[in-house]
Every structure is written in structure tokens, then in C-alpha cells.
$ cat target_38.txt   # compact mmCIF, C-alpha atoms
# COMPACT_ATOMS: atom_id res chain seq x y z
CA MET A 1 -6.97 28.44 -21.82
CA ALA A 2 -3.88 26.96 -23.50
CA ILE A 3 -1.28 25.65 -21.07
CA SER A 4 2.08 24.12 -22.01
CA GLU A 5 3.92 21.21 -20.43
CA PHE A 6 6.27 23.65 -18.71
CA ASP A 7 3.34 25.75 -17.50
CA ILE A 8 1.89 22.59 -15.93
CA ILE A 9 5.15 21.86 -14.13
CA SER A 10 5.70 25.40 -12.84
CA ARG A 11 2.07 26.03 -11.88
CA PHE A 12 1.12 22.75 -10.24
CA PHE A 13 4.33 21.03 -9.12
CA ASP A 14 7.44 23.22 -8.84
CA GLY A 15 8.02 24.47 -5.30
CA ARG A 16 5.01 22.65 -3.85
CA GLY A 17 5.19 20.65 -0.64
CA PRO A 18 8.10 20.31 1.79
CA GLN A 19 11.48 21.80 0.80
CA ARG A 20 14.22 19.67 2.33
CA ALA A 21 17.77 20.65 3.18
CA ASP A 22 19.12 17.38 1.73
CA VAL A 23 17.91 18.32 -1.77
CA ARG A 24 20.81 20.10 -3.46
CA ARG A 25 18.97 20.43 -6.78
CA GLY A 26 15.40 19.44 -7.49
CA ILE A 27 12.93 20.39 -10.21
CA GLY A 28 14.31 22.47 -13.06
CA ASP A 29 17.44 20.56 -14.05
CA ASP A 30 18.12 17.38 -16.02
CA GLY A 31 18.42 15.47 -12.79
CA ALA A 32 18.08 15.86 -9.05
CA VAL A 33 21.11 16.15 -6.78
CA LEU A 34 20.34 14.59 -3.42
CA ARG A 35 22.33 13.98 -0.26
CA VAL A 36 22.00 10.75 1.73
CA PRO A 37 22.78 11.33 5.44
CA PRO A 38 25.86 9.63 6.91
CA GLY A 39 25.15 6.15 8.25
CA GLN A 40 22.00 5.79 6.15
CA GLU A 41 21.14 3.72 3.08
CA LEU A 42 18.70 4.75 0.34
CA VAL A 43 15.53 2.72 -0.31
CA ALA A 44 13.90 3.30 -3.72
CA VAL A 45 10.37 2.13 -4.61
CA LEU A 46 8.19 2.69 -7.68
CA ASP A 47 4.52 2.21 -8.51
CA THR A 48 2.35 2.95 -11.54
CA LEU A 49 -1.41 3.60 -11.45
CA VAL A 50 -3.38 3.28 -14.68
CA LYS A 51 -6.94 4.53 -15.17
CA GLY A 52 -9.39 1.64 -15.35
CA VAL A 53 -6.88 -0.80 -13.88
CA HIS A 54 -5.81 0.68 -10.55
CA PHE A 55 -8.69 3.10 -10.05
CA PRO A 56 -12.23 3.35 -11.50
CA ASP A 57 -12.88 5.89 -14.25
CA ASN A 58 -14.89 8.19 -11.97
CA THR A 59 -12.24 8.45 -9.23
CA PRO A 60 -11.75 12.10 -8.12
CA ALA A 61 -8.45 13.66 -9.18
CA GLU A 62 -7.60 14.50 -5.55
CA ALA A 63 -7.94 10.83 -4.60
CA ILE A 64 -5.74 9.74 -7.52
CA GLY A 65 -2.99 12.13 -6.42
CA TYR A 66 -3.26 10.93 -2.84
CA LYS A 67 -3.28 7.23 -3.66
CA ALA A 68 -0.44 7.41 -6.19
CA LEU A 69 1.84 8.57 -3.38
CA ALA A 70 0.22 6.47 -0.65
CA VAL A 71 1.00 3.16 -2.38
CA ASN A 72 4.67 4.13 -2.57
CA LEU A 73 4.68 5.18 1.07
CA SER A 74 3.25 1.77 1.91
CA ASP A 75 6.22 0.13 0.18
CA LEU A 76 8.62 2.35 2.14
CA ALA A 77 6.77 1.38 5.33
CA ALA A 78 7.28 -2.32 4.54
CA MET A 79 11.02 -1.65 4.24
CA GLY A 80 11.07 0.28 7.53
CA ALA A 81 12.21 3.40 5.67
CA GLU A 82 11.80 7.07 6.54
CA PRO A 83 10.32 8.92 3.51
CA ALA A 84 12.44 11.65 1.91
CA TRP A 85 11.96 12.38 -1.82
CA PHE A 86 9.82 11.41 -4.80
CA SER A 87 9.68 11.93 -8.55
CA LEU A 88 6.53 11.95 -10.68
CA GLY A 89 5.79 10.64 -14.17
CA LEU A 90 2.38 11.97 -15.25
CA THR A 91 0.71 11.01 -18.54
CA LEU A 92 -2.41 13.08 -19.28
CA PRO A 93 -5.04 12.80 -22.03
CA GLY A 94 -5.45 16.59 -22.05
CA ARG A 95 -4.71 19.85 -20.25
CA ASP A 96 -7.47 20.05 -17.64
CA VAL A 97 -6.53 22.81 -15.19
CA GLY A 98 -9.23 21.90 -12.67
CA TRP A 99 -8.17 18.26 -12.68
CA LEU A 100 -4.52 19.23 -12.18
CA GLU A 101 -5.39 21.51 -9.28
CA GLN A 102 -7.22 18.70 -7.49
CA PHE A 103 -4.61 16.06 -8.33
CA SER A 104 -1.74 18.17 -7.02
CA ALA A 105 -3.73 19.03 -3.88
CA GLY A 106 -4.15 15.33 -3.06
CA LEU A 107 -0.53 14.58 -3.90
CA PHE A 108 1.05 17.36 -1.87
CA GLY A 109 -1.40 17.07 1.00
CA LEU A 110 -0.05 13.57 1.71
CA ALA A 111 3.55 14.54 0.87
CA GLY A 112 3.39 17.30 3.49
CA ARG A 113 2.29 14.87 6.17
CA HIS A 114 5.33 12.68 5.58
CA GLY A 115 7.96 15.28 4.73
CA LEU A 116 8.53 14.25 1.10
CA GLN A 117 9.85 16.69 -1.48
CA LEU A 118 9.10 16.36 -5.19
CA VAL A 119 12.51 16.44 -6.88
CA GLY A 120 11.72 15.78 -10.56
CA GLY A 121 9.77 13.81 -13.11
CA ASP A 122 8.19 13.97 -16.54
CA THR A 123 4.88 15.04 -18.09
CA THR A 124 3.56 13.47 -21.30
CA ARG A 125 0.34 13.14 -23.30
CA GLY A 126 -1.59 9.88 -23.48
CA ALA A 127 -3.92 7.64 -21.46
CA LEU A 128 -4.10 8.75 -17.82
CA THR A 129 -1.20 7.08 -16.00
CA VAL A 130 0.63 8.11 -12.83
CA THR A 131 4.06 6.75 -11.95
CA ILE A 132 5.85 7.72 -8.75
CA GLN A 133 9.28 6.72 -7.56
CA ALA A 134 9.78 7.41 -3.87
CA HIS A 135 12.95 7.28 -1.78
CA GLY A 136 13.56 6.87 1.91
CA PHE A 137 16.34 6.28 4.43
CA VAL A 138 17.16 3.35 6.69
CA PRO A 139 20.18 2.92 8.98
CA CYS A 140 22.90 0.96 7.22
CA GLY A 141 21.95 -2.71 7.29
CA GLY A 142 18.59 -1.94 8.92
CA ALA A 143 16.12 -2.33 6.05
CA CYS A 144 13.29 -4.82 6.51
CA SER A 145 12.71 -7.32 3.70
CA ARG A 146 10.48 -10.17 2.58
CA ALA A 147 13.19 -12.73 3.30
CA GLY A 148 13.96 -13.75 6.87
CA ALA A 149 10.76 -15.32 8.21
CA ARG A 150 11.63 -18.20 10.52
CA GLU A 151 9.83 -21.33 11.63
CA GLY A 152 7.87 -20.55 14.80
CA ASP A 153 7.45 -16.85 14.01
CA ASP A 154 4.09 -15.23 14.64
CA ILE A 155 2.37 -13.69 11.61
CA TYR A 156 0.69 -10.30 12.04
CA VAL A 157 -1.38 -7.91 9.95
CA THR A 158 -2.30 -4.32 10.67
CA GLY A 159 -5.71 -2.71 10.24
CA THR A 160 -8.52 -4.62 8.54
CA LEU A 161 -8.53 -6.52 5.26
CA GLY A 162 -10.89 -6.69 2.30
CA ASP A 163 -12.53 -3.26 2.53
CA ALA A 164 -11.12 -2.00 -0.77
CA GLY A 165 -12.34 -5.13 -2.52
CA LEU A 166 -15.77 -4.66 -0.98
CA ALA A 167 -15.77 -1.04 -2.18
CA LEU A 168 -15.07 -2.21 -5.74
CA LEU A 169 -18.02 -4.61 -5.52
CA ALA A 170 -20.22 -1.71 -4.41
CA ILE A 171 -18.95 0.53 -7.24
CA ALA A 172 -19.67 -2.26 -9.73
CA GLY A 173 -23.24 -2.59 -8.37
CA ARG A 174 -22.66 -6.11 -7.03
CA TYR A 175 -23.15 -5.10 -3.40
CA HIS A 176 -25.43 -2.40 -2.04
CA VAL A 177 -24.32 -0.14 0.78
CA ALA A 178 -25.59 3.38 1.39
CA GLY A 179 -24.84 6.46 3.46
CA ALA A 180 -21.87 6.62 5.79
CA GLY A 181 -21.00 2.98 5.13
CA ALA A 182 -20.55 3.65 1.43
CA GLU A 183 -18.35 6.67 2.11
CA GLU A 184 -16.22 4.70 4.57
CA LEU A 185 -15.61 1.93 2.05
CA ARG A 186 -14.80 4.40 -0.72
CA GLU A 187 -12.35 6.11 1.61
CA ARG A 188 -10.57 2.81 2.27
CA LEU A 189 -10.23 2.23 -1.47
CA GLU A 190 -9.20 5.73 -2.52
CA ARG A 191 -7.25 6.95 0.51
CA PRO A 192 -5.43 4.06 2.19
CA VAL A 193 -3.36 5.00 5.23
CA PRO A 194 0.31 3.98 4.75
CA ARG A 195 1.71 2.56 8.01
CA VAL A 196 4.97 4.50 7.75
CA ALA A 197 5.59 5.29 11.42
CA LEU A 198 4.83 1.75 12.56
CA GLY A 199 7.01 0.28 9.79
CA MET A 200 9.95 2.36 11.02
CA ALA A 201 9.26 1.42 14.64
CA LEU A 202 9.28 -2.30 13.78
CA ARG A 203 12.84 -2.26 12.45
CA GLY A 204 14.90 -4.73 14.45
CA LEU A 205 11.81 -6.53 15.83
CA VAL A 206 10.46 -8.23 12.71
CA HIS A 207 12.11 -11.00 10.71
CA ALA A 208 10.22 -10.25 7.46
CA MET A 209 7.69 -7.67 6.30
CA VAL A 210 5.60 -6.87 3.20
CA ASP A 211 2.75 -4.51 2.42
CA VAL A 212 -0.60 -6.05 1.47
CA SER A 213 -1.29 -4.68 -2.01
CA ASP A 214 -2.16 -7.79 -4.05
CA GLY A 215 -4.02 -9.62 -1.28
CA LEU A 216 -2.87 -11.29 1.93
CA LEU A 217 -2.38 -14.74 0.39
CA ALA A 218 -0.34 -13.40 -2.52
CA ASP A 219 1.83 -11.05 -0.46
CA LEU A 220 2.41 -13.45 2.43
CA GLY A 221 3.23 -15.99 -0.26
CA HIS A 222 6.05 -13.69 -1.44
CA VAL A 223 7.45 -13.70 2.09
CA LEU A 224 7.26 -17.48 2.40
CA ARG A 225 8.97 -18.09 -0.94
CA ALA A 226 11.72 -15.57 -0.20
CA SER A 227 12.24 -17.13 3.23
CA GLY A 228 11.94 -20.80 2.24
CA VAL A 229 9.19 -21.56 4.78
CA GLY A 230 5.46 -22.25 5.00
CA ALA A 231 2.65 -20.91 7.17
CA ARG A 232 -0.68 -21.66 8.78
CA ILE A 233 -3.35 -18.93 8.97
CA ALA A 234 -6.37 -18.98 11.32
CA VAL A 235 -9.22 -17.57 9.22
CA GLU A 236 -11.24 -16.58 12.32
CA ARG A 237 -8.41 -14.23 13.25
CA ILE A 238 -8.40 -12.29 9.97
CA PRO A 239 -9.29 -8.71 11.03
CA LEU A 240 -12.55 -7.52 9.45
CA SER A 241 -14.10 -4.05 9.63
CA GLU A 242 -17.66 -3.47 10.81
CA ALA A 243 -18.59 -2.79 7.18
CA MET A 244 -17.24 -6.18 6.14
CA LYS A 245 -19.01 -7.94 9.01
CA ALA A 246 -22.26 -6.27 7.96
CA ALA A 247 -21.75 -7.46 4.39
CA ARG A 248 -21.77 -11.11 5.45
CA ASP A 249 -25.60 -11.12 5.61
CA GLU A 250 -25.84 -10.27 1.90
CA LEU A 251 -22.67 -11.77 0.45
CA GLY A 252 -22.12 -14.71 2.77
CA GLU A 253 -19.19 -15.50 5.02
CA ARG A 254 -17.14 -17.22 2.34
CA GLN A 255 -17.16 -14.33 -0.12
CA CYS A 256 -16.26 -11.86 2.63
CA LEU A 257 -13.38 -14.03 3.83
CA ASP A 258 -12.19 -14.46 0.24
CA LEU A 259 -12.15 -10.68 -0.16
CA ALA A 260 -10.14 -10.29 3.04
CA LEU A 261 -7.66 -12.96 1.99
CA SER A 262 -7.17 -12.03 -1.65
CA ALA A 263 -8.85 -8.85 -2.91
CA GLY A 264 -5.87 -6.60 -2.21
CA ASP A 265 -5.58 -2.80 -2.33
CA ASP A 266 -5.54 -2.75 1.50
CA TYR A 267 -2.00 -1.35 1.91
CA GLU A 268 -1.67 -2.76 5.39
CA LEU A 269 1.51 -4.39 6.73
CA CYS A 270 2.00 -8.14 7.10
CA PHE A 271 5.05 -9.23 9.06
CA THR A 272 6.57 -12.08 11.02
CA ALA A 273 8.29 -11.86 14.39
CA PRO A 274 9.33 -14.18 17.21
CA PRO A 275 6.82 -14.89 20.02
CA SER A 276 9.14 -13.08 22.45
CA SER A 277 8.27 -9.79 20.69
CA ARG A 278 4.49 -10.00 21.16
CA GLY A 279 4.23 -7.48 23.96
CA GLU A 280 6.49 -4.91 22.31
CA ILE A 281 4.74 -5.23 18.96
CA MET A 282 1.32 -4.61 20.45
CA ARG A 283 2.68 -1.69 22.48
CA LEU A 284 4.15 -0.10 19.35
CA ALA A 285 0.96 -0.63 17.36
CA GLU A 286 -1.11 1.06 20.07
CA ALA A 287 1.40 3.90 20.37
CA HIS A 288 1.07 4.57 16.63
CA GLY A 289 -2.73 4.37 16.62
CA CYS A 290 -2.83 1.24 14.51
CA SER A 291 -4.66 -1.98 15.23
CA CYS A 292 -2.57 -5.12 14.82
CA ARG A 293 -3.56 -8.77 15.05
CA ARG A 294 -1.64 -12.04 15.22
CA ILE A 295 -3.21 -14.32 12.60
CA GLY A 296 -0.97 -17.33 12.22
CA VAL A 297 2.39 -19.00 12.54
CA VAL A 298 5.34 -19.71 10.25
CA GLU A 299 6.00 -23.42 9.70
CA SER A 300 8.54 -25.55 7.90
CA GLY A 301 7.95 -26.53 4.29
CA GLY A 302 6.60 -24.29 1.56
CA ARG A 303 2.81 -24.50 1.97
CA LEU A 304 0.44 -21.72 3.00
CA VAL A 305 -2.62 -23.26 4.64
CA CYS A 306 -5.74 -21.49 5.91
CA MET A 307 -7.48 -23.28 8.79
CA TRP A 308 -10.58 -22.98 10.90
CA GLU A 309 -9.95 -23.20 14.63
CA ASP A 310 -11.60 -26.65 14.70
CA GLY A 311 -8.93 -27.97 12.32
CA ARG A 312 -10.85 -27.84 9.03
CA VAL A 313 -8.95 -26.50 6.04
CA TYR A 314 -10.40 -23.36 4.46
CA ARG A 315 -10.06 -23.50 0.68
CA THR A 316 -10.37 -20.46 -1.55
CA GLY A 317 -10.06 -20.35 -5.32
CA ARG A 318 -8.58 -16.86 -5.16
CA LYS A 319 -4.88 -16.34 -4.53
CA GLY A 320 -4.51 -12.58 -5.02
CA TYR A 321 -4.24 -10.10 -7.86
CA ASP A 322 -2.08 -10.71 -10.93
CA HIS A 323 -2.21 -8.14 -13.76
CA PHE A 324 -1.72 -10.69 -16.50
CA ALA A 325 -3.94 -13.41 -15.04
CA ASP A 326 -6.78 -11.00 -14.11
CA ALA A 327 -6.52 -8.45 -16.92
CA GLY A 328 -9.15 -5.76 -16.61
CA ARG A 329 -10.27 -6.55 -13.08
CA GLY A 330 -9.56 -2.98 -12.07
CA SER A 331 -7.84 -3.53 -8.75
CA PRO A 332 -4.50 -3.47 -7.06
CA ASP A 333 -0.97 -3.14 -8.25
CA GLU A 334 1.42 -6.02 -8.49
CA LYS A 335 4.94 -5.81 -7.09
CA GLN A 336 7.84 -7.28 -8.96
$ encode --input "target_38.txt" --output "C-alpha cells"
Amino acid sequence: MAISEFDIISRFFDGRGPQRADVRRGIGDDGAVLRVPPGQELVAVLDTLVKGVHFPDNTPAEAIGYKALAVNLSDLAAMGAEPAWFSLGLTLPGRDVGWLEQFSAGLFGLAGRHGLQLVGGDTTRGALTVTIQAHGFVPCGGACSRAGAREGDDIYVTGTLGDAGLALLAIAGRYHVAGAGAEELRERLERPVPRVALGMALRGLVHAMVDVSDGLLADLGHVLRASGVGARIAVERIPLSEAMKAARDELGERQCLDLALSAGDDYELCFTAPPSSRGEIMRLAEAHGCSCRRIGVVESGGRLVCMWEDGRVYRTGRKGYDHFADAGRGSPDEKQ
């Protein structure tokens, strides 16, 4: 069945998902007209997913739709922003109605959970690429940022690290895992959970925050450079899932730790905060159903050092994902 670009928009995207009162004009005009509430500032984020780079070729369309929005929500979470609107740039190799139905289901399923309205975008023909720009609100002057980490701050991460990297190893046939374990890992890769509610709750408590998309070492490194400080990480305190712990027998402890430190695609939050906030941070994490662990401390200087508890330095040759250094690796997105 022939379907035009405008048929695609009207059938799969127009009128889908939440319809917000602050959208004066959305899909159907040359631009959206949007109203920012009094006393709020607008946070804008953008991410692009490319087939074969950000997701394997056999990734289900529903998972692509979900993840394309989830990675943007993770950026909003790192800014402490409340999600509001998004626009979609979709480049398709062909007009596959079944694929579009599944893609839009994944996209709007997540949008509905976070109250985002699709307000515009563009549809073109070419290699499968999904670009989303998402917008959210923060109180004036209240946005979290990468800059601001201070000497003596605790360093925290949410959730567990390295699972998406382990899933990619399994997909590539370099690690064998079957049954429920395989499904759990694939879920972590394809459907990360953006920590939006916790990110908003942490406003005013944290000194600096970033989402872990390119790997802990790379993303914490962004924080340290922006803040003009260094850090020491205790590798024993890096949170690992049961699946990752089980993988140590086959892959070895070093490879598993390297995945947790640098594989990326985790979309967890990493943040720094003063020791006086420890109790409140853990209370908030529990209240939002999110595990959170203190993994290190901010120090003077510009070095990021990983240490064993006995004082030995842990050295890894991997520093995190870089599109142009690791071309074709098929993993996370890099933030500018």
C-alpha cells in the first residue's frame, strides 16, 4: 500500500500521546507555538540514533522508538528538568507500515509516562536515523549542570553500570548468556530507564550532575573538566548487576569492571554532592525506587584515578565511547 510522507505524519504521529495545555500550536504548522510557565526556564536537549551505530540492525522498532526518547529524557534528568515537549526528525529507508506502528507505539508509550507532547518534526527518506529534540522546565536559576563539583564532594551513581555493554558482547557472540538473563540484558540495552523524577528531586542538593551515556569515566571526566577538579573512584564500589557479577566467571573481573567504567549506554545519573547531603540523597533515591551508591570523592587537581581499597591503582585502557575514535563500534551516543 502506497503511503505518503503526510500520511505517515497524520497516521502515526499527529494527535498521539499527551495533549498539553501549554502547546498553543503543535503539529500541522511551520513551527510550534509553546508557552513556558512563569518563573520557569526552558531546557532543550537533542540526540540522534543511527542504525548500526547506536542500535544493532535487528533491534525491534518498538525499542528504537522507546530508546530514542529515553536518551533525551536522561539528558533532561541530568539537568533536573521536568519534561514537556519534543520534536522528531525521522529518516526512513522505506515506507514500512508495520515498522512505523511499532516505532510509534514505543515512542508514545514512554512519552505518555512522562507527559511529553510531540509538537513537530520532519520525515525524510534515507538510512534509518532518529533525531529527537526534547524540552523541559526548571525553576529560574535551578538547572543542574556539569560544572560546580567541589573538592570534598561525594560522587554517586544510580542503578548499575556496564549491563548495556555486556548485552552488546552477547549480541556479538562474544559472551554467552541464555534465558531470562539474556532478556534482562537486552532490556537494559534497548529500554533504559531515565531517572527523571530523581533528577528533579536532586535539584538544590547536588553540585554537578551528568547522565552516563558514554561511560562513567568519560562522563565523570566531563564534570571534572567543567568544574576544574579531580576525583578518586573506589572500583569495589562500582554498582554491578547480578548479570554482570555472573559474567565475571567467563570474562574475568577486569573485563567486567572495564565495561562498568567505560562501555556506556547505561543512562544512569552520576552526580556530586557534599557529605552533609548523604542522608537526604539516599532517602530520595529510595523514595523514587532507584538504587544509588557513593563511589568516590572529588579532589583537587585535574586527575581521575581509580583505586582498589588497598591503595593499588586500577588502570584501564578504555576511557569511554567516542564516535570518531571508535567508529563502527555500535554503542552509545556522544554528547557535545
$ residues_around --input "target_38.txt" --residues "Asn72 in chain A" --least-positions-apart "2" --cutoff "9 Å" --atoms "all atoms listed in the file" --output "ChimeraX atom specification"
/A:45-47,67-70,74-77,132-135,194
$ residues_around --input "target_38.txt" --residues "Ala260 in chain A" --least-positions-apart "6" --cutoff "10 Å" --atoms "all atoms listed in the file" --output "number ranges by chain"
A: 160-166, 215-217, 235, 238-241, 244, 254, 266
$ closest_residue --input "target_38.txt" --among "A:Asn58, A:Cys306, A:Ile8, A:Trp85" --to "Arg25 in chain A" --atoms "only C-alpha atoms"
A:Trp85
$ residues_around --input "target_38.txt" --residues "range 91-94 of chain A" --least-positions-apart "4" --cutoff "12 Å" --atoms "all atoms listed in the file" --output "JSON, numbers by chain"
{"A": [1, 2, 3, 4, 5, 8, 48, 49, 50, 51, 61, 98, 99, 100, 103, 121, 122, 123, 124, 125, 126, 127, 128, 129, 130, 131, 132]}
$ write_last_selection --input "target_38.txt" --atoms "C-alpha atoms" --output "mmCIF file, keeping the file's coordinate frame"
data_model
loop_
_atom_site.group_PDB
_atom_site.id
_atom_site.type_symbol
_atom_site.label_atom_id
_atom_site.label_comp_id
_atom_site.auth_asym_id
_atom_site.auth_seq_id
_atom_site.Cartn_x
_atom_site.Cartn_y
_atom_site.Cartn_z
ATOM 1 C CA MET A 1 -6.970 28.440 -21.820
ATOM 2 C CA ALA A 2 -3.880 26.960 -23.500
ATOM 3 C CA ILE A 3 -1.280 25.650 -21.070
ATOM 4 C CA SER A 4 2.080 24.120 -22.010
ATOM 5 C CA GLU A 5 3.920 21.210 -20.430
ATOM 6 C CA ILE A 8 1.890 22.590 -15.930
ATOM 7 C CA THR A 48 2.350 2.950 -11.540
ATOM 8 C CA LEU A 49 -1.410 3.600 -11.450
ATOM 9 C CA VAL A 50 -3.380 3.280 -14.680
ATOM 10 C CA LYS A 51 -6.940 4.530 -15.170
ATOM 11 C CA ALA A 61 -8.450 13.660 -9.180
ATOM 12 C CA GLY A 98 -9.230 21.900 -12.670
ATOM 13 C CA TRP A 99 -8.170 18.260 -12.680
ATOM 14 C CA LEU A 100 -4.520 19.230 -12.180
ATOM 15 C CA PHE A 103 -4.610 16.060 -8.330
ATOM 16 C CA GLY A 121 9.770 13.810 -13.110
ATOM 17 C CA ASP A 122 8.190 13.970 -16.540
ATOM 18 C CA THR A 123 4.880 15.040 -18.090
ATOM 19 C CA THR A 124 3.560 13.470 -21.300
ATOM 20 C CA ARG A 125 0.340 13.140 -23.300
ATOM 21 C CA GLY A 126 -1.590 9.880 -23.480
ATOM 22 C CA ALA A 127 -3.920 7.640 -21.460
ATOM 23 C CA LEU A 128 -4.100 8.750 -17.820
ATOM 24 C CA THR A 129 -1.200 7.080 -16.000
ATOM 25 C CA VAL A 130 0.630 8.110 -12.830
ATOM 26 C CA THR A 131 4.060 6.750 -11.950
ATOM 27 C CA ILE A 132 5.850 7.720 -8.750
#
$ closest_residue --input "target_38.txt" --among "A:Thr316, A:Ala21, A:Pro275, A:Val71" --to "Gly152 in chain A" --atoms "all atoms listed in the file"
A:Pro275
$ closest_residue --input "target_38.txt" --among "A:Ala167, A:Cys144, A:Ala32, A:Leu189" --to "Leu205 in chain A" --atoms "only C-alpha atoms"
A:Cys144
$ atom_distance --input "target_38.txt" --atom1 "CA of Pro139 in chain A" --atom2 "CA of Leu224 in chain A"
25.0 Å
$ closest_residue --input "target_38.txt" --among "A:Arg248, A:Arg195, A:Arg283, A:Arg16" --to "Gly120 in chain A" --atoms "all atoms listed in the file"
A:Arg16
$ atom_distance --input "target_38.txt" --atom1 "CA of Val210 in chain A" --atom2 "CA of Phe55 in chain A"
21.9 Å
$ residues_around --input "target_38.txt" --residues "range 108-115 of chain A" --least-positions-apart "4" --cutoff "10 Å" --atoms "only C-alpha atoms" --output "MDAnalysis selection string"
chainID A and resid 12:13 16:20 62 65:67 69:70 73 82:86 103:104 191 193 196:197
$ write_last_selection --input "target_38.txt" --atoms "C-alpha atoms" --output "PDB file, in the frame of the given file"
ATOM      1  CA  PHE A  12       1.120  22.750 -10.240  1.00  0.00           C
ATOM      2  CA  PHE A  13       4.330  21.030  -9.120  1.00  0.00           C
ATOM      3  CA  ARG A  16       5.010  22.650  -3.850  1.00  0.00           C
ATOM      4  CA  GLY A  17       5.190  20.650  -0.640  1.00  0.00           C
ATOM      5  CA  PRO A  18       8.100  20.310   1.790  1.00  0.00           C
ATOM      6  CA  GLN A  19      11.480  21.800   0.800  1.00  0.00           C
ATOM      7  CA  ARG A  20      14.220  19.670   2.330  1.00  0.00           C
ATOM      8  CA  GLU A  62      -7.600  14.500  -5.550  1.00  0.00           C
ATOM      9  CA  GLY A  65      -2.990  12.130  -6.420  1.00  0.00           C
ATOM     10  CA  TYR A  66      -3.260  10.930  -2.840  1.00  0.00           C
ATOM     11  CA  LYS A  67      -3.280   7.230  -3.660  1.00  0.00           C
ATOM     12  CA  LEU A  69       1.840   8.570  -3.380  1.00  0.00           C
ATOM     13  CA  ALA A  70       0.220   6.470  -0.650  1.00  0.00           C
ATOM     14  CA  LEU A  73       4.680   5.180   1.070  1.00  0.00           C
ATOM     15  CA  GLU A  82      11.800   7.070   6.540  1.00  0.00           C
ATOM     16  CA  PRO A  83      10.320   8.920   3.510  1.00  0.00           C
ATOM     17  CA  ALA A  84      12.440  11.650   1.910  1.00  0.00           C
ATOM     18  CA  TRP A  85      11.960  12.380  -1.820  1.00  0.00           C
ATOM     19  CA  PHE A  86       9.820  11.410  -4.800  1.00  0.00           C
ATOM     20  CA  PHE A 103      -4.610  16.060  -8.330  1.00  0.00           C
ATOM     21  CA  SER A 104      -1.740  18.170  -7.020  1.00  0.00           C
ATOM     22  CA  ARG A 191      -7.250   6.950   0.510  1.00  0.00           C
ATOM     23  CA  VAL A 193      -3.360   5.000   5.230  1.00  0.00           C
ATOM     24  CA  VAL A 196       4.970   4.500   7.750  1.00  0.00           C
ATOM     25  CA  ALA A 197       5.590   5.290  11.420  1.00  0.00           C
TER      26      ALA A 197
END
$ closest_residue --input "target_38.txt" --among "A:Glu299, A:Asp29, A:Asp96, A:Glu280" --to "Gly204 in chain A" --atoms "all atoms listed in the file"
A:Glu280
$ closest_residue --input "target_38.txt" --among "A:Gly228, A:Gly199, A:Gly26, A:Gly89" --to "Val157 in chain A" --atoms "all atoms listed in the file"
A:Gly199
$ atom_distance --input "target_38.txt" --atom1 "CA of Ala201 in chain A" --atom2 "CA of Val297 in chain A"
21.6 Å
$ build_atoms --input "target_38.txt" --residues "range 156-167 of chain A" --atoms "N, CA and C atoms" --output "compact mmCIF listing (two decimals), in the coordinates of the input"
# COMPACT_ATOMS: atom_id res chain seq x y z
N TYR A 156 1.57 -11.40 11.67
CA TYR A 156 0.69 -10.30 12.04
C TYR A 156 0.21 -9.57 10.78
N VAL A 157 -0.96 -8.92 10.92
CA VAL A 157 -1.38 -7.91 9.95
C VAL A 157 -1.91 -6.69 10.71
N THR A 158 -1.75 -5.54 10.10
CA THR A 158 -2.30 -4.32 10.67
C THR A 158 -3.67 -4.04 10.09
N GLY A 159 -4.43 -3.18 10.76
CA GLY A 159 -5.71 -2.71 10.24
C GLY A 159 -6.71 -3.81 9.99
N THR A 160 -7.53 -3.62 8.96
CA THR A 160 -8.52 -4.62 8.54
C THR A 160 -8.30 -4.91 7.06
N LEU A 161 -8.76 -6.08 6.63
CA LEU A 161 -8.53 -6.52 5.26
C LEU A 161 -9.84 -6.69 4.50
N GLY A 162 -9.77 -6.43 3.20
CA GLY A 162 -10.89 -6.69 2.30
C GLY A 162 -11.79 -5.52 2.00
N ASP A 163 -11.62 -4.39 2.71
CA ASP A 163 -12.53 -3.26 2.53
C ASP A 163 -12.45 -2.65 1.13
N ALA A 164 -11.25 -2.56 0.58
CA ALA A 164 -11.12 -2.00 -0.77
C ALA A 164 -11.80 -2.90 -1.79
N GLY A 165 -11.66 -4.20 -1.62
CA GLY A 165 -12.34 -5.13 -2.52
C GLY A 165 -13.84 -5.03 -2.40
N LEU A 166 -14.33 -4.84 -1.19
CA LEU A 166 -15.77 -4.66 -0.98
C LEU A 166 -16.25 -3.36 -1.62
N ALA A 167 -15.43 -2.31 -1.53
CA ALA A 167 -15.77 -1.04 -2.18
C ALA A 167 -15.89 -1.20 -3.68
